[in-house]
$ cat protein_37.csv   # CSV, C-alpha atoms
chain,number,residue,atom,x,y,z
A,1,ASP,CA,130.8,100.4,114.0
A,2,MET,CA,127.8,100.2,111.6
A,3,CYS,CA,126.2,97.4,113.6
A,4,SER,CA,126.5,99.2,116.9
A,5,ILE,CA,125.6,102.7,115.7
A,6,LEU,CA,122.6,101.6,113.5
A,7,LYS,CA,121.5,98.7,115.7
A,8,CYS,CA,121.4,96.3,112.8
A,9,CYS,CA,123.0,93.2,111.3
A,10,VAL,CA,125.4,93.9,108.4
A,11,ILE,CA,126.2,91.3,105.8
A,12,CYS,CA,129.1,92.0,103.5
A,13,TYR,CA,130.0,90.1,100.3
A,14,ASP,CA,132.6,90.4,97.6
A,15,TYR,CA,132.3,90.2,93.9
A,16,SER,CA,133.5,87.2,91.9
A,17,GLU,CA,136.3,87.8,89.5
A,18,PHE,CA,135.5,90.4,86.8
A,19,ASP,CA,135.4,88.6,83.5
A,20,ASN,CA,134.6,90.8,80.5
A,21,LYS,CA,132.1,93.3,79.4
A,22,ASN,CA,129.7,90.6,78.2
A,23,THR,CA,129.4,88.9,81.6
A,24,ILE,CA,130.4,91.4,84.3
A,25,GLU,CA,126.9,92.8,84.9
A,26,HIS,CA,125.5,89.2,85.0
A,27,ASN,CA,128.2,88.2,87.5
A,28,LEU,CA,127.7,91.2,89.8
A,29,VAL,CA,123.9,90.8,89.9
A,30,ASN,CA,124.2,87.1,90.7
A,31,ASP,CA,126.7,87.8,93.5
A,32,LEU,CA,124.3,90.2,95.2
A,33,GLU,CA,121.3,87.9,94.6
A,34,THR,CA,123.2,85.1,96.3
A,35,ALA,CA,124.0,87.3,99.3
A,36,ILE,CA,120.4,88.3,99.7
A,37,ASN,CA,119.2,84.7,99.4
A,38,PHE,CA,121.7,83.7,102.0
A,39,ALA,CA,120.4,86.3,104.4
A,40,MET,CA,116.8,85.2,103.8
A,41,ASP,CA,117.5,81.5,104.0
A,42,TYR,CA,120.1,81.3,106.8
A,43,PHE,CA,119.2,84.2,109.0
A,44,LYS,CA,115.4,84.2,108.1
A,45,ILE,CA,115.5,87.9,107.3
A,46,LYS,CA,112.5,89.3,105.4
A,47,LEU,CA,112.9,91.5,102.3
A,48,TYR,CA,111.0,94.3,104.0
A,49,ASP,CA,113.8,94.5,106.7
A,50,VAL,CA,116.6,94.8,104.1
A,51,PHE,CA,118.5,97.9,103.2
A,52,LEU,CA,121.1,97.7,100.4
A,53,LEU,CA,124.2,99.8,100.7
A,54,SER,CA,126.4,100.1,97.6
A,55,SER,CA,129.3,102.3,96.5
A,56,SER,CA,130.6,103.2,93.1
A,57,LEU,CA,130.3,100.2,90.6
A,58,GLY,CA,128.2,98.4,93.3
A,59,SER,CA,125.3,100.6,92.3
A,60,LEU,CA,124.9,98.5,89.1
A,61,PRO,CA,123.8,95.2,90.8
A,62,THR,CA,121.9,97.1,93.5
A,63,PHE,CA,119.7,99.0,91.1
A,64,SER,CA,119.3,96.0,88.7
A,65,ILE,CA,118.1,93.8,91.6
A,66,CYS,CA,115.7,96.4,93.0
A,67,ALA,CA,114.1,96.8,89.6
A,68,ARG,CA,113.0,93.2,89.7
A,69,GLU,CA,109.4,92.3,90.9
A,70,ARG,CA,110.7,89.8,93.4
A,71,PHE,CA,112.8,92.4,95.3
A,72,LYS,CA,110.5,95.4,95.2
A,73,LYS,CA,109.7,94.9,98.9
A,74,ILE,CA,113.3,95.8,99.9
A,75,LYS,CA,113.1,98.6,102.5
A,76,GLY,CA,115.6,101.0,101.1
A,77,ILE,CA,118.6,101.8,99.0
A,78,ILE,CA,121.7,103.7,100.0
A,79,ALA,CA,124.0,104.5,97.1
A,80,VAL,CA,127.3,106.2,97.7
A,81,SER,CA,129.1,107.8,94.7
A,82,PRO,CA,127.0,105.6,92.4
A,83,LEU,CA,128.2,105.0,88.8
A,84,SER,CA,125.1,105.8,86.8
A,85,TYR,CA,126.6,105.3,83.4
A,86,GLY,CA,129.8,105.1,81.4
A,87,ALA,CA,131.8,102.2,82.7
A,88,ALA,CA,133.7,100.0,80.3
A,89,VAL,CA,135.5,97.0,81.8
A,90,TYR,CA,138.2,95.0,80.2
A,91,ARG,CA,140.9,92.5,81.2
A,92,GLN,CA,144.6,92.6,80.8
A,93,GLY,CA,146.3,89.8,79.0
A,94,SER,CA,148.0,88.1,81.9
A,95,LYS,CA,146.6,86.4,85.0
A,96,THR,CA,148.7,88.7,87.2
A,97,SER,CA,147.3,91.9,85.7
A,98,PRO,CA,144.1,93.0,87.4
A,99,THR,CA,140.9,93.9,85.6
A,100,LYS,CA,140.7,97.6,84.9
A,101,ILE,CA,137.6,99.8,84.9
A,102,GLU,CA,137.7,102.6,82.4
A,103,LEU,CA,135.2,105.5,82.7
A,104,CYS,CA,133.7,106.8,79.5
A,105,ASN,CA,132.5,110.4,79.0
A,106,SER,CA,129.1,109.8,77.7
A,107,LYS,CA,126.0,107.6,78.0
A,108,LYS,CA,126.4,106.4,74.4
A,109,GLU,CA,130.0,105.3,75.0
A,110,GLY,CA,129.3,103.6,78.3
A,111,TYR,CA,128.6,99.9,78.3
A,112,TYR,CA,126.7,100.0,81.6
A,113,SER,CA,123.9,102.2,82.7
A,114,ILE,CA,121.5,102.1,85.7
A,115,TYR,CA,119.1,104.6,84.1
A,116,GLN,CA,117.3,101.7,82.5
A,117,TYR,CA,116.2,100.6,85.9
A,118,THR,CA,115.1,103.9,87.5
A,119,GLU,CA,111.5,103.9,86.2
A,120,LYS,CA,111.0,100.5,87.7
A,121,ILE,CA,112.2,101.3,91.2
A,122,PHE,CA,109.9,102.8,93.8
A,123,ILE,CA,112.0,101.9,96.8
A,124,PRO,CA,113.1,104.8,99.0
A,125,THR,CA,116.6,105.8,98.0
A,126,LEU,CA,119.3,107.9,99.7
A,127,ILE,CA,122.1,109.0,97.2
A,128,ILE,CA,125.3,110.4,98.6
A,129,HIS,CA,127.9,111.9,96.3
A,130,GLY,CA,130.8,114.2,97.0
A,131,ARG,CA,131.0,117.4,95.0
A,132,LYS,CA,134.7,117.0,94.5
A,133,ASP,CA,134.5,113.4,93.2
A,134,ARG,CA,137.0,113.2,90.3
A,135,VAL,CA,136.3,109.6,89.5
A,136,ILE,CA,132.5,109.8,89.0
A,137,PRO,CA,131.1,113.4,88.5
A,138,VAL,CA,128.4,114.4,91.0
A,139,SER,CA,126.2,115.4,88.1
A,140,GLN,CA,125.5,111.8,87.5
A,141,SER,CA,123.9,111.5,91.0
A,142,THR,CA,122.0,114.8,90.5
A,143,GLU,CA,120.5,113.5,87.3
A,144,LEU,CA,119.8,110.1,88.9
A,145,SER,CA,118.0,111.6,91.9
A,146,GLU,CA,115.8,113.6,89.5
A,147,LYS,CA,114.8,110.5,87.5
A,148,MET,CA,113.8,108.5,90.6
A,149,VAL,CA,110.4,108.8,92.4
A,150,HIS,CA,111.6,108.4,96.0
A,151,ALA,CA,115.2,109.6,96.1
A,152,LYS,CA,117.0,112.0,98.4
A,153,LEU,CA,120.4,113.5,97.5
A,154,TRP,CA,123.2,114.6,99.8
A,155,THR,CA,126.3,116.1,98.2
A,156,PRO,CA,129.0,116.9,100.8
A,157,LYS,CA,130.9,120.0,99.8
A,158,ASN,CA,134.4,118.6,100.1
A,159,GLY,CA,133.4,115.0,99.5
A,160,THR,CA,135.6,112.9,97.1
A,161,HIS,CA,135.1,109.4,95.7
A,162,ASP,CA,136.9,107.9,98.7
A,163,ASN,CA,136.4,110.1,101.8
A,164,ILE,CA,132.7,109.8,102.5
A,165,PHE,CA,133.2,106.9,104.9
A,166,THR,CA,136.1,108.6,106.6
A,167,PHE,CA,136.2,112.4,106.5
A,168,TYR,CA,132.4,112.5,106.7
A,169,ARG,CA,132.0,109.5,109.0
A,170,ARG,CA,129.9,111.2,111.6
A,171,LYS,CA,127.6,113.0,109.2
A,172,PHE,CA,127.4,109.8,107.1
A,173,PHE,CA,126.1,107.8,110.0
A,174,LEU,CA,123.7,110.5,111.0
A,175,ARG,CA,122.2,110.6,107.5
A,176,LEU,CA,122.1,106.8,107.4
A,177,LYS,CA,120.5,106.5,110.7
A,178,GLY,CA,117.9,109.2,109.9
A,179,PHE,CA,117.1,107.6,106.6
A,180,ILE,CA,116.7,104.1,108.0
A,181,THR,CA,114.6,105.3,111.0
A,182,GLU,CA,112.4,107.3,108.7
A,183,GLN,CA,111.6,104.2,106.5
A,184,ILE,CA,111.0,102.0,109.5
A,185,THR,CA,108.7,104.6,111.1
A,186,TYR,CA,106.8,105.1,107.9
A,187,SER,CA,106.2,101.4,107.5
A,188,SER,CA,105.0,101.1,111.1
A,189,ASN,CA,102.5,104.0,110.5
A,190,LEU,CA,101.2,102.3,107.4
A,191,ASN,CA,100.7,99.0,109.3
A,192,SER,CA,98.9,100.9,112.1
A,193,LEU,CA,96.6,102.6,109.5
A,194,SER,CA,95.9,99.2,107.8
A,195,SER,CA,94.9,97.8,111.2
A,196,ILE,CA,92.6,100.7,111.9
A,197,ASN,CA,91.0,100.4,108.5
A,198,LEU,CA,90.6,96.6,109.0
A,199,ASN,CA,89.0,97.1,112.4
A,200,GLU,CA,86.5,99.6,110.9
A,201,GLU,CA,85.7,97.2,108.1
A,202,ASN,CA,85.1,94.5,110.7
A,203,LYS,CA,82.9,96.7,112.8
A,204,ALA,CA,80.9,97.6,109.7
A,205,ALA,CA,80.6,93.9,108.7
A,206,VAL,CA,79.3,93.0,112.2
A,207,LYS,CA,76.8,95.9,112.1
A,208,VAL,CA,75.4,94.6,108.8
A,209,MET,CA,75.2,91.0,110.2
A,210,ASP,CA,73.3,92.3,113.2
A,211,ILE,CA,70.8,94.2,110.9
A,212,LEU,CA,70.3,91.1,108.8
A,213,GLN,CA,69.8,88.8,111.8
A,214,SER,CA,67.3,91.2,113.4
A,215,ASN,CA,65.3,91.3,110.1

$ encode --input "protein_37.csv" --output "structure tokens"
Amino acid sequence: DMCSILKCCVICYDYSEFDNKNTIEHNLVNDLETAINFAMDYFKIKLYDVFLLSSSLGSLPTFSICARERFKKIKGIIAVSPLSYGAAVYRQGSKTSPTKIELCNSKKEGYYSIYQYTEKIFIPTLIIHGRKDRVIPVSQSTELSEKMVHAKLWTPKNGTHDNIFTFYRRKFFLRLKGFITEQITYSSNLNSLSSINLNEENKAAVKVMDILQSN
């Protein structure tokens, strides 16, 4: 649906196994970087044509990547119910027991935080967070949007941590399409202005050359 509605290519990836709190952030970021590199190398996609869509814990690698100099040309970020801070990850003792993610109640207790990246990110960002999210409080996204330079926040009244893609499906796609179209249009206008300025500079240079030659 996303491909047909938004008229775009969608590349999905999965995280490698959660290890422990000392390596999980490194692993998640590496997984995302690998996916981006694959898109660029195999499909020849340019960074300025890339939008990153993340949800919940996925906000951690997304914001970490976008704070890097190499990835600052990414077109836009869409973060759904982002986990801004307070996640502690640990493993159960046996192989059959899955890794659990435990939410802490404060920034000091939390092992992970994406606030450290916000001052380095100037990429347009759309943050979507349900007001009835009982997993990650919407206040995290409110604070996050206030800390970012180019962030828009949409907080569906009856949105939870899991129903943004289903109960709000139509509105979600409308918001997504509007955001993507806005960024593409803005970039096109900037390119047009750059061309106009370049033409004016060329005309001025030609005029100067004519004056010098006539003298």

$ residues_around --input "protein_37.csv" --residues "Pro61 in chain A" --least-positions-apart "2" --cutoff "8 Å" --atoms "all atoms listed in the file" --output "list of chain:residue names"
A:Glu25, A:Leu28, A:Val29, A:Leu32, A:Gly58, A:Ser59, A:Phe63, A:Ser64, A:Ile65

$ residues_around --input "protein_37.csv" --residues "Arg134 in chain A" --least-positions-apart "5" --cutoff "10 Å" --atoms "all atoms listed in the file" --output "PyMOL selection string"
chain A and resi 160-162

$ residues_near_point --input "protein_37.csv" --point "(121.2, 103.9, 98.4)" --cutoff "6 Å" --atoms "all atoms listed in the file" --output "ChimeraX atom specification"
/A:53,77-79,125-127

$ atom_distance --input "protein_37.csv" --atom1 "CA of Leu144 in chain A" --atom2 "CA of Lys120 in chain A"
13.1 Å

$ atom_distance --input "protein_37.csv" --atom1 "CA of Ile45 in chain A" --atom2 "CA of Cys3 in chain A"
15.6 Å

$ atom_distance --input "protein_37.csv" --atom1 "CA of Val135 in chain A" --atom2 "CA of Ile123 in chain A"
26.5 Å

$ closest_residue --input "protein_37.csv" --among "A:Thr166, A:Ser56, A:Ser141, A:Gln116" --to "Trp154 in chain A" --atoms "all atoms listed in the file"
A:Ser141

$ closest_residue --input "protein_37.csv" --among "A:Thr155, A:Pro82, A:Thr34, A:Ser139" --to "Asp14 in chain A" --atoms "all atoms listed in the file"
A:Thr34

$ closest_residue --input "protein_37.csv" --among "A:Lys171, A:Lys75, A:His129, A:Arg70" --to "Phe51 in chain A" --atoms "all atoms listed in the file"
A:Lys75
